[in-house]
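query-v4.pdb, holding PDB, C-alpha atoms and all ligand atoms:
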```pdb
ATOM      1  CA  MET A   1       1.683  14.648   1.938
ATOM      2  CA  ARG A   2      -0.247  15.045  -1.298
ATOM      3  CA  LEU A   3       0.594  12.368  -3.882
ATOM      4  CA  CYS A   4      -0.295  12.844  -7.531
ATOM      5  CA  ALA A   5      -0.045  10.886 -10.713
ATOM      6  CA  GLU A   6      -0.473  13.111 -13.754
ATOM      7  CA  ARG A   7      -1.445  11.444 -17.017
ATOM      8  CA  VAL A   8       0.847   8.500 -16.375
ATOM      9  CA  ASP A   9       1.458   5.952 -19.113
ATOM     10  CA  TRP A  10       3.606   2.884 -18.592
ATOM     11  CA  ARG A  11       4.411   0.512 -21.409
ATOM     12  CA  VAL A  12       6.503  -2.635 -21.530
ATOM     13  CA  HIS A  13       7.252  -4.172 -24.939
ATOM     14  CA  GLY A  14       4.381  -2.223 -26.472
ATOM     15  CA  ARG A  15       1.941  -3.388 -23.817
ATOM     16  CA  ARG A  16       0.258  -0.645 -21.815
ATOM     17  CA  LEU A  17       0.400  -1.432 -18.102
ATOM     18  CA  LEU A  18      -0.835   2.048 -17.148
ATOM     19  CA  ASP A  19      -3.010   3.990 -19.531
ATOM     20  CA  ASP A  20      -3.332   7.747 -18.928
ATOM     21  CA  VAL A  21      -3.756   7.470 -15.155
ATOM     22  CA  SER A  22      -4.354  10.678 -13.189
ATOM     23  CA  LEU A  23      -4.919  10.611  -9.462
ATOM     24  CA  THR A  24      -4.526  12.895  -6.460
ATOM     25  CA  VAL A  25      -4.428  11.476  -2.959
ATOM     26  CA  GLU A  26      -4.923  14.194  -0.376
ATOM     27  CA  PRO A  27      -2.845  14.599   2.798
ATOM     28  CA  GLY A  28      -4.118  12.303   5.549
ATOM     29  CA  GLU A  29      -6.408  10.371   3.248
ATOM     30  CA  THR A  30      -6.646   6.564   3.254
ATOM     31  CA  PHE A  31      -7.020   5.657  -0.399
ATOM     32  CA  GLY A  32      -7.765   2.099  -1.520
ATOM     33  CA  LEU A  33      -6.673   0.763  -4.912
ATOM     34  CA  VAL A  34      -8.764  -2.149  -6.092
ATOM     35  CA  GLY A  35      -8.974  -4.089  -9.329
ATOM     36  CA  PRO A  36      -8.639  -7.593 -10.727
ATOM     37  CA  ASN A  37      -5.293  -9.414 -10.990
ATOM     38  CA  GLY A  38      -2.971  -7.710 -13.457
ATOM     39  CA  SER A  39      -5.000  -4.481 -13.631
ATOM     40  CA  GLY A  40      -2.010  -2.257 -12.765
ATOM     41  CA  LYS A  41      -2.282  -1.615  -9.017
ATOM     42  CA  THR A  42       1.315  -2.564  -8.205
ATOM     43  CA  THR A  43       2.632  -0.675 -11.217
ATOM     44  CA  LEU A  44       0.782   2.468 -10.117
ATOM     45  CA  LEU A  45       2.013   2.100  -6.524
ATOM     46  CA  ARG A  46       5.594   1.854  -7.790
ATOM     47  CA  VAL A  47       5.127   5.064  -9.772
ATOM     48  CA  LEU A  48       3.632   6.842  -6.723
ATOM     49  CA  ALA A  49       6.535   5.558  -4.593
ATOM     50  CA  GLY A  50       9.011   7.170  -6.976
ATOM     51  CA  LEU A  51      10.504   3.782  -7.896
ATOM     52  CA  ARG A  52       9.479   4.008 -11.534
ATOM     53  CA  ARG A  53       9.733   7.059 -13.686
ATOM     54  CA  PRO A  54       6.902   7.012 -16.179
ATOM     55  CA  LYS A  55       7.838   7.637 -19.786
ATOM     56  CA  THR A  56       4.769   9.808 -20.216
ATOM     57  CA  GLY A  57       3.261  11.824 -17.393
ATOM     58  CA  ARG A  58       4.766  12.268 -13.947
ATOM     59  CA  ALA A  59       4.400  11.579 -10.247
ATOM     60  CA  LEU A  60       4.443  14.420  -7.729
ATOM     61  CA  ALA A  61       4.926  14.527  -3.976
ATOM     62  CA  ASP A  62       3.553  17.730  -2.455
ATOM     63  CA  GLY A  63       3.718  19.303  -5.892
ATOM     64  CA  ARG A  64       7.357  18.323  -6.560
ATOM     65  CA  PRO A  65       8.099  16.000  -9.481
ATOM     66  CA  MET A  66       9.529  12.827  -7.977
ATOM     67  CA  HIS A  67      12.077  12.365 -10.728
ATOM     68  CA  ALA A  68      13.722  15.595  -9.510
ATOM     69  CA  MET A  69      13.920  14.341  -5.905
ATOM     70  CA  LYS A  70      16.953  12.525  -4.526
ATOM     71  CA  PRO A  71      16.377   8.898  -3.423
ATOM     72  CA  HIS A  72      17.085   9.732   0.226
ATOM     73  CA  GLU A  73      14.564  12.595   0.121
ATOM     74  CA  ILE A  74      11.924  10.191  -1.142
ATOM     75  CA  ALA A  75      12.941   7.578   1.441
ATOM     76  CA  ARG A  76      12.491  10.095   4.247
ATOM     77  CA  ALA A  77       8.986  10.916   3.142
ATOM     78  CA  ILE A  78       7.480   7.806   1.552
ATOM     79  CA  ALA A  79       7.483   4.205   2.778
ATOM     80  CA  PHE A  80       6.459   1.334   0.524
ATOM     81  CA  VAL A  81       5.559  -2.176   1.640
ATOM     82  CA  GLU A  82       5.792  -4.291  -1.486
ATOM     83  CA  GLN A  83       4.128  -7.620  -2.116
ATOM     84  CA  GLN A  84       7.308  -9.575  -2.678
ATOM     85  CA  ALA A  85       9.546  -7.735  -0.292
ATOM     86  CA  ASP A  86      13.207  -8.710  -0.014
ATOM     87  CA  THR A  87      14.407 -11.327   2.422
ATOM     88  CA  LEU A  88      16.363 -10.243   5.437
ATOM     89  CA  ASP A  89      17.871 -13.625   6.201
ATOM     90  CA  ARG A  90      20.578 -12.997   8.746
ATOM     91  CA  LEU A  91      18.743 -10.257  10.622
ATOM     92  CA  GLN A  92      16.825 -10.316  13.849
ATOM     93  CA  VAL A  93      13.337  -8.828  13.800
ATOM     94  CA  ARG A  94      14.494  -5.729  15.642
ATOM     95  CA  GLU A  95      17.381  -5.157  13.234
ATOM     96  CA  ALA A  96      15.049  -5.552  10.263
ATOM     97  CA  VAL A  97      12.646  -2.947  11.653
ATOM     98  CA  ALA A  98      15.567  -0.635  12.505
ATOM     99  CA  LEU A  99      16.383  -0.525   8.774
ATOM    100  CA  GLY A 100      13.434   1.865   8.540
ATOM    101  CA  ARG A 101      15.590   4.491  10.256
ATOM    102  CA  THR A 102      18.370   4.250   7.618
ATOM    103  CA  PRO A 103      17.294   7.318   5.584
ATOM    104  CA  PHE A 104      17.690   9.473   8.695
ATOM    105  CA  LEU A 105      21.180   8.294   9.689
ATOM    106  CA  SER A 106      24.475   9.809   8.627
ATOM    107  CA  PRO A 107      27.910  10.365  10.194
ATOM    108  CA  LEU A 108      26.561  13.672  11.532
ATOM    109  CA  SER A 109      23.304  12.134  12.631
ATOM    110  CA  PRO A 110      24.094   8.769  14.265
ATOM    111  CA  TRP A 111      21.629   6.364  15.894
ATOM    112  CA  ARG A 112      20.019   7.922  18.979
ATOM    113  CA  GLU A 113      17.795   6.812  21.854
ATOM    114  CA  GLU A 114      14.894   8.359  19.998
ATOM    115  CA  ASP A 115      15.473   5.881  17.150
ATOM    116  CA  ASP A 116      15.247   3.005  19.648
ATOM    117  CA  ALA A 117      11.940   4.387  20.898
ATOM    118  CA  ILE A 118      10.609   4.632  17.323
ATOM    119  CA  VAL A 119      11.582   1.008  16.633
ATOM    120  CA  ASP A 120       9.982  -0.132  19.933
ATOM    121  CA  ARG A 121       6.780   1.632  18.996
ATOM    122  CA  ALA A 122       6.696   0.169  15.470
ATOM    123  CA  LEU A 123       7.233  -3.348  16.863
ATOM    124  CA  ALA A 124       4.400  -2.820  19.357
ATOM    125  CA  GLU A 125       2.069  -1.439  16.674
ATOM    126  CA  VAL A 126       2.246  -4.686  14.716
ATOM    127  CA  GLY A 127       2.308  -6.891  17.832
ATOM    128  CA  LEU A 128       5.877  -8.159  17.405
ATOM    129  CA  GLU A 129       7.467  -6.773  20.545
ATOM    130  CA  ALA A 130       7.862 -10.235  22.087
ATOM    131  CA  MET A 131       9.631 -11.544  18.978
ATOM    132  CA  ASP A 132      12.183  -8.811  18.541
ATOM    133  CA  GLU A 133      15.191 -11.144  18.801
ATOM    134  CA  ARG A 134      13.876 -13.830  16.469
ATOM    135  CA  LEU A 135      15.781 -14.428  13.265
ATOM    136  CA  TRP A 136      14.021 -13.579  10.007
ATOM    137  CA  HIS A 137      14.278 -17.074   8.550
ATOM    138  CA  THR A 138      12.396 -18.517  11.550
ATOM    139  CA  LEU A 139       9.318 -16.318  10.959
ATOM    140  CA  SER A 140       6.043 -17.352   9.345
ATOM    141  CA  GLY A 141       4.790 -15.551   6.223
ATOM    142  CA  GLY A 142       2.402 -13.412   8.264
ATOM    143  CA  GLU A 143       5.065 -12.515  10.811
ATOM    144  CA  ARG A 144       7.395 -11.453   7.998
ATOM    145  CA  GLN A 145       4.643  -9.306   6.547
ATOM    146  CA  ARG A 146       4.229  -7.591   9.924
ATOM    147  CA  VAL A 147       7.997  -6.986  10.103
ATOM    148  CA  HIS A 148       7.845  -5.239   6.718
ATOM    149  CA  ILE A 149       4.968  -3.091   7.913
ATOM    150  CA  ALA A 150       6.819  -2.273  11.144
ATOM    151  CA  ARG A 151       9.901  -1.297   9.134
ATOM    152  CA  ALA A 152       7.752   1.079   7.060
ATOM    153  CA  LEU A 153       6.220   2.550  10.238
ATOM    154  CA  ALA A 154       9.713   3.028  11.715
ATOM    155  CA  GLN A 155      10.465   5.197   8.710
ATOM    156  CA  ARG A 156       7.898   7.661  10.132
ATOM    157  CA  PRO A 157       6.818   8.442   6.574
ATOM    158  CA  ARG A 158       4.453  11.182   5.501
ATOM    159  CA  ALA A 159       2.983   8.805   2.940
ATOM    160  CA  LEU A 160       2.679   5.049   3.283
ATOM    161  CA  LEU A 161       2.067   2.807   0.274
ATOM    162  CA  LEU A 162       1.052  -0.786   0.872
ATOM    163  CA  ASP A 163       0.608  -3.532  -1.710
ATOM    164  CA  GLU A 164      -1.881  -6.059  -0.399
ATOM    165  CA  PRO A 165      -0.612  -5.777   3.166
ATOM    166  CA  THR A 166      -3.072  -8.309   4.544
ATOM    167  CA  ASN A 167      -1.805 -11.147   2.329
ATOM    168  CA  HIS A 168      -0.566 -13.925   4.604
ATOM    169  CA  LEU A 169      -2.194 -12.441   7.695
ATOM    170  CA  ASP A 170      -4.712 -14.276   9.849
ATOM    171  CA  ILE A 171      -8.026 -12.497  10.260
ATOM    172  CA  ARG A 172      -7.137 -10.900  13.602
ATOM    173  CA  HIS A 173      -3.952  -9.399  12.217
ATOM    174  CA  GLN A 174      -5.712  -8.345   8.998
ATOM    175  CA  LEU A 175      -8.214  -6.352  10.995
ATOM    176  CA  SER A 176      -5.672  -4.875  13.386
ATOM    177  CA  ILE A 177      -3.247  -3.851  10.617
ATOM    178  CA  LEU A 178      -6.022  -2.224   8.573
ATOM    179  CA  ARG A 179      -7.339  -0.429  11.651
ATOM    180  CA  LEU A 180      -3.827   0.791  12.436
ATOM    181  CA  VAL A 181      -3.290   1.959   8.866
ATOM    182  CA  ARG A 182      -6.636   3.803   8.733
ATOM    183  CA  ARG A 183      -5.867   5.629  11.956
ATOM    184  CA  LEU A 184      -2.443   6.870  10.873
ATOM    185  CA  PRO A 185      -2.623  10.633  10.390
ATOM    186  CA  ILE A 186      -0.600  10.337   7.168
ATOM    187  CA  THR A 187      -1.446   9.726   3.529
ATOM    188  CA  VAL A 188      -2.023   6.038   2.870
ATOM    189  CA  VAL A 189      -2.474   4.307  -0.476
ATOM    190  CA  VAL A 190      -3.281   0.638  -0.100
ATOM    191  CA  ALA A 191      -3.900  -1.975  -2.798
ATOM    192  CA  LEU A 192      -6.494  -4.435  -1.552
ATOM    193  CA  HIS A 193      -8.174  -7.505  -2.970
ATOM    194  CA  ASP A 194     -10.718  -7.724  -0.185
ATOM    195  CA  LEU A 195     -13.400  -5.332  -1.414
ATOM    196  CA  ASP A 196     -15.245  -5.431   1.881
ATOM    197  CA  GLN A 197     -12.094  -4.209   3.618
ATOM    198  CA  ALA A 198     -11.748  -1.530   0.937
ATOM    199  CA  MET A 199     -15.167  -0.202   2.009
ATOM    200  CA  ASP A 200     -13.466   1.344   5.055
ATOM    201  CA  CYS A 201     -11.153   3.566   2.978
ATOM    202  CA  ASP A 202     -11.957   7.266   2.591
ATOM    203  CA  ARG A 203     -11.966   6.854  -1.188
ATOM    204  CA  ILE A 204     -11.121   4.098  -3.572
ATOM    205  CA  GLY A 205      -9.899   3.928  -7.135
ATOM    206  CA  VAL A 206     -10.784   1.036  -9.426
ATOM    207  CA  MET A 207      -8.104  -0.202 -11.843
ATOM    208  CA  ASP A 208      -9.110  -2.210 -14.888
ATOM    209  CA  GLY A 209      -6.732  -3.069 -17.721
ATOM    210  CA  GLY A 210      -4.242  -0.342 -16.748
ATOM    211  CA  ARG A 211      -6.894   2.376 -16.539
ATOM    212  CA  LEU A 212      -8.286   4.076 -13.474
ATOM    213  CA  VAL A 213     -11.914   3.571 -14.365
ATOM    214  CA  ASP A 214     -13.594   5.048 -11.302
ATOM    215  CA  ILE A 215     -12.705   6.961  -8.179
ATOM    216  CA  GLY A 216     -14.734   8.135  -5.203
ATOM    217  CA  PRO A 217     -16.249   7.091  -1.874
ATOM    218  CA  PRO A 218     -16.439   3.266  -1.650
ATOM    219  CA  ARG A 219     -20.227   3.077  -1.480
ATOM    220  CA  GLU A 220     -20.558   5.170  -4.640
ATOM    221  CA  VAL A 221     -17.863   3.316  -6.551
ATOM    222  CA  LEU A 222     -18.492  -0.288  -5.568
ATOM    223  CA  THR A 223     -21.900  -0.629  -7.128
ATOM    224  CA  LEU A 224     -23.338  -4.032  -7.953
ATOM    225  CA  GLU A 225     -22.905  -3.141 -11.610
ATOM    226  CA  ARG A 226     -19.193  -2.351 -11.031
ATOM    227  CA  LEU A 227     -18.750  -5.634  -9.176
ATOM    228  CA  ARG A 228     -20.226  -7.502 -12.115
ATOM    229  CA  HIS A 229     -18.526  -5.529 -14.852
ATOM    230  CA  THR A 230     -14.974  -5.129 -13.509
ATOM    231  CA  PHE A 231     -14.673  -7.928 -10.966
ATOM    232  CA  GLY A 232     -16.894 -10.515 -12.613
ATOM    233  CA  VAL A 233     -18.926 -11.384  -9.523
ATOM    234  CA  HIS A 234     -22.515 -11.254  -8.422
ATOM    235  CA  ALA A 235     -22.786  -9.683  -4.998
ATOM    236  CA  ASP A 236     -25.244  -8.035  -2.620
ATOM    237  CA  PHE A 237     -24.979  -5.472   0.105
ATOM    238  CA  LEU A 238     -26.396  -6.600   3.417
ATOM    239  CA  ASP A 239     -27.339  -4.229   6.231
ATOM    240  CA  ASP A 240     -25.287  -4.699   9.336
ATOM    241  CA  PRO A 241     -26.727  -3.062  12.455
ATOM    242  CA  GLU A 242     -23.286  -3.280  14.102
ATOM    243  CA  GLN A 243     -21.648  -1.076  11.483
ATOM    244  CA  ASP A 244     -22.434   2.244   9.855
ATOM    245  CA  ARG A 245     -22.054   0.652   6.431
ATOM    246  CA  PRO A 246     -23.482  -2.377   4.676
ATOM    247  CA  VAL A 247     -21.449  -5.546   4.268
ATOM    248  CA  LEU A 248     -20.566  -7.006   0.879
ATOM    249  CA  ARG A 249     -21.671 -10.586   0.329
ATOM    250  CA  PHE A 250     -20.349 -12.293  -2.789
ATOM    251  CA  ARG A 251     -22.707 -14.789  -4.402
ATOM    252  CA  ARG A 252     -20.857 -16.303  -7.343
ATOM    253  CA  ALA A 253     -18.498 -15.656 -10.228
ATOM    254  CA  LEU A 254     -20.091 -14.623 -13.531
TER     255      LEU A 254
HETATM  256  N1  LIG B   1       8.145  -5.789 -16.231
HETATM  257  C1  LIG B   1       7.033  -6.245 -16.793
HETATM  258  N2  LIG B   1       7.048  -6.755 -18.049
HETATM  259  C2  LIG B   1       5.912  -7.200 -18.643
HETATM  260  N3  LIG B   1       4.709  -7.170 -18.055
HETATM  261  C3  LIG B   1       4.641  -6.679 -16.808
HETATM  262  C4  LIG B   1       5.787  -6.184 -16.108
HETATM  263  N4  LIG B   1       5.394  -5.742 -14.880
HETATM  264  C5  LIG B   1       4.065  -5.974 -14.827
HETATM  265  N5  LIG B   1       3.620  -6.526 -15.974
HETATM  266  C6  LIG B   1       2.222  -6.879 -16.296
HETATM  267  O1  LIG B   1       1.453  -5.714 -16.107
HETATM  268  C7  LIG B   1       0.167  -6.024 -15.626
HETATM  269  C8  LIG B   1      -0.111  -5.212 -14.389
HETATM  270  O2  LIG B   1       0.677  -5.713 -13.338
HETATM  271  P1  LIG B   1       0.505  -5.239 -11.831
HETATM  272  O3  LIG B   1       1.454  -6.055 -10.995
HETATM  273  O4  LIG B   1       0.629  -3.771 -11.754
HETATM  274  O5  LIG B   1      -1.012  -5.674 -11.546
HETATM  275  P2  LIG B   1      -1.806  -5.781 -10.174
HETATM  276  O6  LIG B   1      -3.101  -5.079 -10.380
HETATM  277  O7  LIG B   1      -0.964  -5.305  -9.027
HETATM  278  O8  LIG B   1      -2.037  -7.348 -10.088
HETATM  279  P3  LIG B   1      -2.248  -8.345  -8.837
HETATM  280  O9  LIG B   1      -3.591  -8.054  -8.272
HETATM  281  O10 LIG B   1      -2.204  -9.685  -9.508
HETATM  282  O11 LIG B   1      -1.121  -8.130  -7.870
HETATM  283  C9  LIG B   1       0.162  -7.523 -15.417
HETATM  284  O12 LIG B   1      -0.490  -8.127 -16.509
HETATM  285  C10 LIG B   1       1.627  -7.907 -15.375
HETATM  286  O13 LIG B   1       1.833  -9.223 -15.867
END
```
Write-out of the structure in structure tokens:
Amino acid sequence: MRLCAERVDWRVHGRRLLDDVSLTVEPGETFGLVGPNGSGKTTLLRVLAGLRRPKTGRALADGRPMHAMKPHEIARAIAFVEQQADTLDRLQVREAVALGRTPFLSPLSPWREEDDAIVDRALAEVGLEAMDERLWHTLSGGERQRVHIARALAQRPRALLLDEPTNHLDIRHQLSILRLVRRLPITVVVALHDLDQAMDCDRIGVMDGGRLVDIGPPREVLTLERLRHTFGVHADFLDDPEQDRPVLRFRRAL
């Protein structure tokens, strides 16, 4: 699915949270959104997810304006893992993940064996298959995060939006979730604070003060000058013979 933001402005009480943002994410692309705290990443993700209708500009999914799409149409196509996702207190892990199938169910299209298989697969993809009967309130922060990701995967979306999905995750699960996300054959837009992890995206966009100030392949965008200017850090790139890209090493804050 191709996701577009066209000249999107978003203001709250006269303050511009998004300032003339235009962006196209191509089908199958893994696109990283980076930027300092408060730069507008979450706001832009919410616009691309069809949750916020911009007052100026518009969001499009495969060329269709999202404000003209019905909520269930959007829910069948786009999954969004938010930073502060809702609590699912009385649910078991499996039931929480099964919620991802909701947009596809109706009296004429009840739950089927195929839906069970999709939920099984989503649980396995995030490594939660052994915990499927655990109650939500007994889970750690990282386990809850993986449940939210599994629920989004169970939606079988054509576009997946993730807001800092590796928050709360230990390093093993950070790496496995990012690897999983990169390998999905669908459009992925992921807000990330870890700039070294962002280096593995196909392209990245840099947000700064509500503006999309640069966009392109990570190595071209994340220059040492950009790291100083937008992120306020001194850094170096170090060659890593184990990888086909250099590794970012942060030295100190400006
Ligand atoms: N409803 C709102 N009313 C007023 N200000 C808001 C509202 N929503 C967001 N903001 C402000 O807009 C700015 C952008 O917020 P946003 O959450 O999009 O940033 P972000 O880049 O995702 O930040 P972070 O990296 O901290 O998650 C922030 O300064 C935030 O305080």
Considering all atoms listed in the file, tabulate each residue of stretch 159-203 of chain A that lies at most 9 Å from stretch 1-22 of chain A along with its nearest interatomic pair and the corresponding distance in Å to one decimal; arrange the rows by chain and ascending residue number and present them as a tab-separated table.
```
residue	atom	partner	partner_atom	distance
A:Ala159	CA	A:Met1	CA	6.1
A:Ile186	CA	A:Met1	CA	7.2
A:Thr187	CA	A:Met1	CA	6.0
```
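Taken over the shown file, the PyMOL selection byres (((chain A and resi 76) around 8) and not hetatm) identifies A:His72, A:Glu73, A:Ile74, A:Ala75, A:Ala77, A:Ile78, A:Ala79, A:Pro103, A:Phe104, A:Gln155, A:Arg156, A:Pro157.
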Which residue is closest to ligand LIG 1 (chain B)? Choose from A:Ala117, A:Leu51, A:Met69, A:Leu192 and count only C-alpha atoms and all ligand atoms.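 Between A:Ala117, A:Leu51, A:Met69, A:Leu192, the residue approaching ligand LIG 1 (chain B) most closely is A:Leu192.
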Step by step, work through what the PyMOL selection byres (((chain A and resi 94-100) around 9) and not hetatm) selects in the shown file, and finish by giving those residues as a PyMOL selection string. chain A and resi 79+88+91-93+101-104+115-116+118-120+122-123+129+131-134+136+147-156
Residues of the last selection are to be written out with C-alpha atoms, as an mmCIF file, in the frame of the given file.
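Final output, saved to selection_13.cif:
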```cif
data_model
loop_
_atom_site.group_PDB
_atom_site.id
_atom_site.type_symbol
_atom_site.label_atom_id
_atom_site.label_comp_id
_atom_site.auth_asym_id
_atom_site.auth_seq_id
_atom_site.Cartn_x
_atom_site.Cartn_y
_atom_site.Cartn_z
ATOM 1 C CA ALA A 79 7.483 4.205 2.778
ATOM 2 C CA LEU A 88 16.363 -10.243 5.437
ATOM 3 C CA LEU A 91 18.743 -10.257 10.622
ATOM 4 C CA GLN A 92 16.825 -10.316 13.849
ATOM 5 C CA VAL A 93 13.337 -8.828 13.800
ATOM 6 C CA ARG A 101 15.590 4.491 10.256
ATOM 7 C CA THR A 102 18.370 4.250 7.618
ATOM 8 C CA PRO A 103 17.294 7.318 5.584
ATOM 9 C CA PHE A 104 17.690 9.473 8.695
ATOM 10 C CA ASP A 115 15.473 5.881 17.150
ATOM 11 C CA ASP A 116 15.247 3.005 19.648
ATOM 12 C CA ILE A 118 10.609 4.632 17.323
ATOM 13 C CA VAL A 119 11.582 1.008 16.633
ATOM 14 C CA ASP A 120 9.982 -0.132 19.933
ATOM 15 C CA ALA A 122 6.696 0.169 15.470
ATOM 16 C CA LEU A 123 7.233 -3.348 16.863
ATOM 17 C CA GLU A 129 7.467 -6.773 20.545
ATOM 18 C CA MET A 131 9.631 -11.544 18.978
ATOM 19 C CA ASP A 132 12.183 -8.811 18.541
ATOM 20 C CA GLU A 133 15.191 -11.144 18.801
ATOM 21 C CA ARG A 134 13.876 -13.830 16.469
ATOM 22 C CA TRP A 136 14.021 -13.579 10.007
ATOM 23 C CA VAL A 147 7.997 -6.986 10.103
ATOM 24 C CA HIS A 148 7.845 -5.239 6.718
ATOM 25 C CA ILE A 149 4.968 -3.091 7.913
ATOM 26 C CA ALA A 150 6.819 -2.273 11.144
ATOM 27 C CA ARG A 151 9.901 -1.297 9.134
ATOM 28 C CA ALA A 152 7.752 1.079 7.060
ATOM 29 C CA LEU A 153 6.220 2.550 10.238
ATOM 30 C CA ALA A 154 9.713 3.028 11.715
ATOM 31 C CA GLN A 155 10.465 5.197 8.710
ATOM 32 C CA ARG A 156 7.898 7.661 10.132
#
```
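Using only C-alpha atoms and all ligand atoms, residues with at least one atom at most 7 Å away from any atom of ligand LIG 1 (chain B) are Val12, Leu17, Gly35, Pro36, Asn37, Gly38, Ser39, Gly40, Lys41, Thr42, Thr43, Leu44 and Gly210 of chain A.
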For each of A:Leu48, A:Arg219, A:Arg158, A:Val126, take the minimum atom-to-atom distance to A:Glu143, counting all atoms listed in the file, then give the residue where this is smallest.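 When distances to A:Glu143 are compared using all atoms listed in the file, the smallest one comes from A:Val126.
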Find the smallest box with edges along x, y and z containing every listed atom of stretch 153-162 of chain A, then add 5 Å on each side and report centre and edge lengths in Å to one decimal, as lines of an AutoDock Vina configuration file.
```
center_x = 5.8
center_y = 5.2
center_z = 6.0
size_x = 19.4
size_y = 22.0
size_z = 21.4
```
Stretch 202-204 of chain A: which residues within 8 Å, counting only C-alpha atoms, same-chain residues fewer than 4 positions away excluded, as a VMD selection string? chain A and resid 29 to 34 198 215 to 218 221
Using all atoms listed in the file, can you tell me which of A:Ile177, A:Val81, A:Leu23, A:Ala235 comes closest to A:Leu160? A:Val81
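Using all atoms listed in the file, the shortest contact distance between A:Thr138 and any of A:Asn167, A:Thr87, A:Gln243, A:Thr24 is found at A:Thr87.
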Correct to one decimal, the distance atom CA of A:Gln197-atom CA of A:Val233 is 16.5 Å
Using all atoms listed in the file, which of A:Ala253, A:Met66, A:Leu212, A:Leu195 sits nearest A:Phe237?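 Counting all atoms listed in the file, the residue closest to A:Phe237 is A:Leu195.
Restricting the calculation to only C-alpha atoms, the smallest distance between A:Asp89 and any of A:Leu238, A:Leu139, A:Leu108, A:Ile171 is found for A:Leu139.
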